[in-house]
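Just below is one structure, and these are the notes that go with it.
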Amino acid sequence: MTESPLGEPAFLVLTALAAEPQHGYGVVEDVLRISEGRVRLRAGTLYAVLDRLCAGGLIEVEREEVVQSRLRRYYRLTGLGTERLADETQRLRRHADAATARLRKLGTSFGLGAA
Amino acid sequence: MSGEAGMSSGAGESGEGGMGGTTGGRGMDDVLERRYRRLLAWYPAQHRARYEDEMVGTMLAGAGPGQRWPGAGETVDVLLAAVRARLGRATSRLRDPRWYDAAATVAVLLSMLLVACDLRISVHRYAWSRRLPDIGGISLGAAFPARVWAPAVVGLAVTVAVLVGRRVVAATVAWAAVLGAVVLAVHEPLGSPPLGAVSKGWLLVATIVAAVALSLPGTAAHARAILGWPRTVGFAVACALLIGSAAVDPLLAKITSEGRHYYTVELWPNGGGYLRQIFDGDGMGTGLAPILLYVAALSIMITVVARIEPAIRRRLLALLAPAVVFYALVSVFFRSFEVPPDFFGEPGRPVPPQWVVLIATPVLTFLVALLLVRRADRTQRLADLGRTALRQPTAGDGGGQATSER
């Protein structure tokens, strides 16, 4: 069965965790960097995504720490998560390539920005 | 990929510090933390138990210097996520395979029961029309229109389709029956006996439940596995008794004609008769024999349901509860919509608040039933755990002995 595409927040969270295990706020900041300041995940969305990805076995808790008497939980990508991120990246690349090719054609036919 | 709520432009909203890095001091943090926790109270308890501390840490880390209140954006984001979490939990509970099993069983039993109820009306009227062919120029045969017998035919089609495993056909016909009943209810004078929208509303509620149950996958196979043929046949016999009971009174009643418009109908051996104008035989009193048949039919039905596995049985009862409670509600509080207070007058019409009560009651009943099922599941789980613990040998006795013997 074909899996449904990941949403943008889930894709960005997986991308963030592909670098190294990170805690919630670390993911927020990393996603902000990856998206060049465009996407800032809020807590409600972030933890809904983390919960879903955990339940789907794409990420897991690596370790827990208590910092300033608050729980900090580090998440890491699982093998399944790595595979899923790779598949999703391929899918997006195919779509992006198709869009690029058509835009190029469109640009040529209108005499705009032809490669 | 589409953007989603809960993501915002990063500029201007990012907290400066790391975890707990607000610059307003610990007191400020405490106030904000309390407010964040109050906001997180919207999540289900299970979600809070797992993520609350972590989420508070993340939100405090993202808070701006001197911030005392959760931002509007993050408040909306948390509230929406909390609602989604609650809805997700509710729907995941309903995705429990035991609900599918219960729905499958309900689909089979209810379709048989509904056809019995519809056929009862037809048989009752037809039998009386044979006994009292003409009253004061009004032919009882004329009071037997398609609207009376059509539901029985449709119900029969649904039941046959279910029993031979044609679930999709059964579901389609059941939904068509729901639609037809609604159209009839809208076009008929409200509350007019005997097809009044209110007095027969429980049939509509039951038909909707049956249609929903039939729309779920695997109905026929599940029901066959749960009920088996002996219980299915037993329930069918009970339904046949219900239908047959409708013909007993017209067959056994002692009828004496008194003038052009009136008959004395004696249903009980010693007196027990009464004088009334009869238009269609519906709403007649009941004699002894039909009551005995009712009791027999009901006993068989209760026995069939009682032998179903408890976890499925309580779900089955939860699915039946809306129709049963609706019936009880109308019988007790909305009787005047079926039989007018002065008998020969016009039946009442519900006013808007009464409609709200009538429509909300089945929904609320189902929600209450869901809670009761949940509680019963928890009790059963604890009881099972207790039994398992009692069966397991404790360290140092049976277990230790077994180990040493090996």
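Every chain in the structure tokens has a letter given in the order shown (A, B, ...), and although residue numbers restart at 1 in each chain, ligands are simply numbered from 1 in the order shown.
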Each residue of chain A with at least one atom at most 8 Å from chain B should appear once, together with its nearest atom pair and the corresponding distance in Å (one decimal); atoms considered: only C-alpha atoms; ordering: chain, then increasing residue number; output as a tab-separated table.
residue	atom	partner	partner_atom	distance
A:Pro5	CA	B:Met1	CA	7.9
A:Leu6	CA	B:Met1	CA	7.5
A:Gly7	CA	B:Met1	CA	5.7
A:Glu8	CA	B:Met1	CA	5.5
A:Pro9	CA	B:Glu4	CA	7.6
A:Gly24	CA	B:Thr58	CA	6.0
A:Tyr25	CA	B:Thr58	CA	5.0
A:Leu32	CA	B:Gly10	CA	6.4
A:Gly37	CA	B:Gly10	CA	4.9
A:Arg38	CA	B:Ser9	CA	4.9
A:Val39	CA	B:Ser9	CA	5.3
A:Arg40	CA	B:Gly10	CA	4.8
A:Leu41	CA	B:Met7	CA	4.6
A:Arg42	CA	B:Gly6	CA	5.2
A:Ala43	CA	B:Met59	CA	6.4
A:Gly44	CA	B:Val78	CA	4.2
A:Thr45	CA	B:Gly6	CA	5.1
A:Leu46	CA	B:Gly6	CA	7.9
A:Tyr47	CA	B:Met55	CA	7.5
A:Ala48	CA	B:Ala81	CA	6.7
A:Val67	CA	B:Met19	CA	7.8
A:Gln68	CA	B:Gly20	CA	7.5
A:Arg70	CA	B:Gly57	CA	6.2
A:Leu71	CA	B:Glu54	CA	5.4
A:Arg72	CA	B:Glu54	CA	5.8
A:Arg73	CA	B:Glu54	CA	6.9
DSSP on the backbone: what in range 30-89 of chain A comes out strand (DSSP E or B), as a short mmCIF file (atom, residue, chain, number, x, y, z; two decimals) with C-alpha atoms, in the first residue's frame?
data_model
loop_
_atom_site.label_atom_id
_atom_site.label_comp_id
_atom_site.auth_asym_id
_atom_site.auth_seq_id
_atom_site.Cartn_x
_atom_site.Cartn_y
_atom_site.Cartn_z
CA ARG A 40 8.67 28.16 13.19
CA LEU A 41 6.89 25.18 14.71
CA ILE A 59 11.51 8.41 15.52
CA GLU A 60 12.20 7.29 19.09
CA VAL A 61 13.31 8.75 22.39
CA GLU A 62 17.08 8.55 22.66
CA ARG A 63 17.46 9.82 26.23
CA GLU A 64 15.82 12.01 28.86
CA GLU A 65 17.48 14.72 30.92
CA VAL A 66 16.28 17.05 33.63
CA VAL A 67 17.55 20.57 33.03
CA ARG A 70 12.34 20.45 33.64
CA LEU A 71 12.20 17.33 31.55
CA ARG A 72 14.10 17.41 28.30
CA ARG A 73 13.56 14.46 25.97
CA TYR A 74 15.88 13.83 23.04
CA TYR A 75 14.47 12.22 19.91
CA ARG A 76 16.36 10.42 17.16
CA LEU A 77 15.53 9.03 13.76
#
Counting only C-alpha atoms, what is within 7 Å of range 364-374 of chain B, bar same-chain residues fewer than 3 positions away, as an mmCIF file with C-alpha atoms, in the first residue's frame?
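So around-v9.cif came out as:
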data_model
loop_
_atom_site.group_PDB
_atom_site.id
_atom_site.type_symbol
_atom_site.label_atom_id
_atom_site.label_comp_id
_atom_site.auth_asym_id
_atom_site.auth_seq_id
_atom_site.Cartn_x
_atom_site.Cartn_y
_atom_site.Cartn_z
ATOM 1 C CA ARG B 314 -21.958 -4.070 26.034
ATOM 2 C CA ARG B 315 -21.024 -2.347 22.793
ATOM 3 C CA ALA B 318 -24.606 0.861 23.592
ATOM 4 C CA LEU B 319 -25.557 0.869 19.902
ATOM 5 C CA ALA B 321 -29.475 2.295 23.610
ATOM 6 C CA PRO B 322 -30.404 5.415 21.542
ATOM 7 C CA ALA B 360 -30.491 15.387 21.169
ATOM 8 C CA THR B 361 -31.650 12.440 23.261
ATOM 9 C CA ASP B 377 -13.869 -2.159 29.973
ATOM 10 C CA ARG B 378 -11.587 -0.689 32.620
#
Next item on the list: For CA of Val27 in chain A and CA of Cys54 in chain A, determine how far apart the two atoms are, in Å to one decimal place.
Entry: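 Between these atoms lies a distance of 14.6 Å.
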Next item on the list: Report the residues of chain A whose backbone DSSP state falls under alpha helix (DSSP H), written as a PyMOL selection string.
Entry: chain A and resi 8-19+24-34+43-55+79-109
Next item on the list: May I ask which of the residues B:Thr105, B:Ala306, B:Pro352, B:Ala238 is the closest one to Val209 in chain B, counting only C-alpha atoms?
Entry: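 Once distances to Val209 in chain B are computed over only C-alpha atoms, the minimum belongs to B:Thr105.
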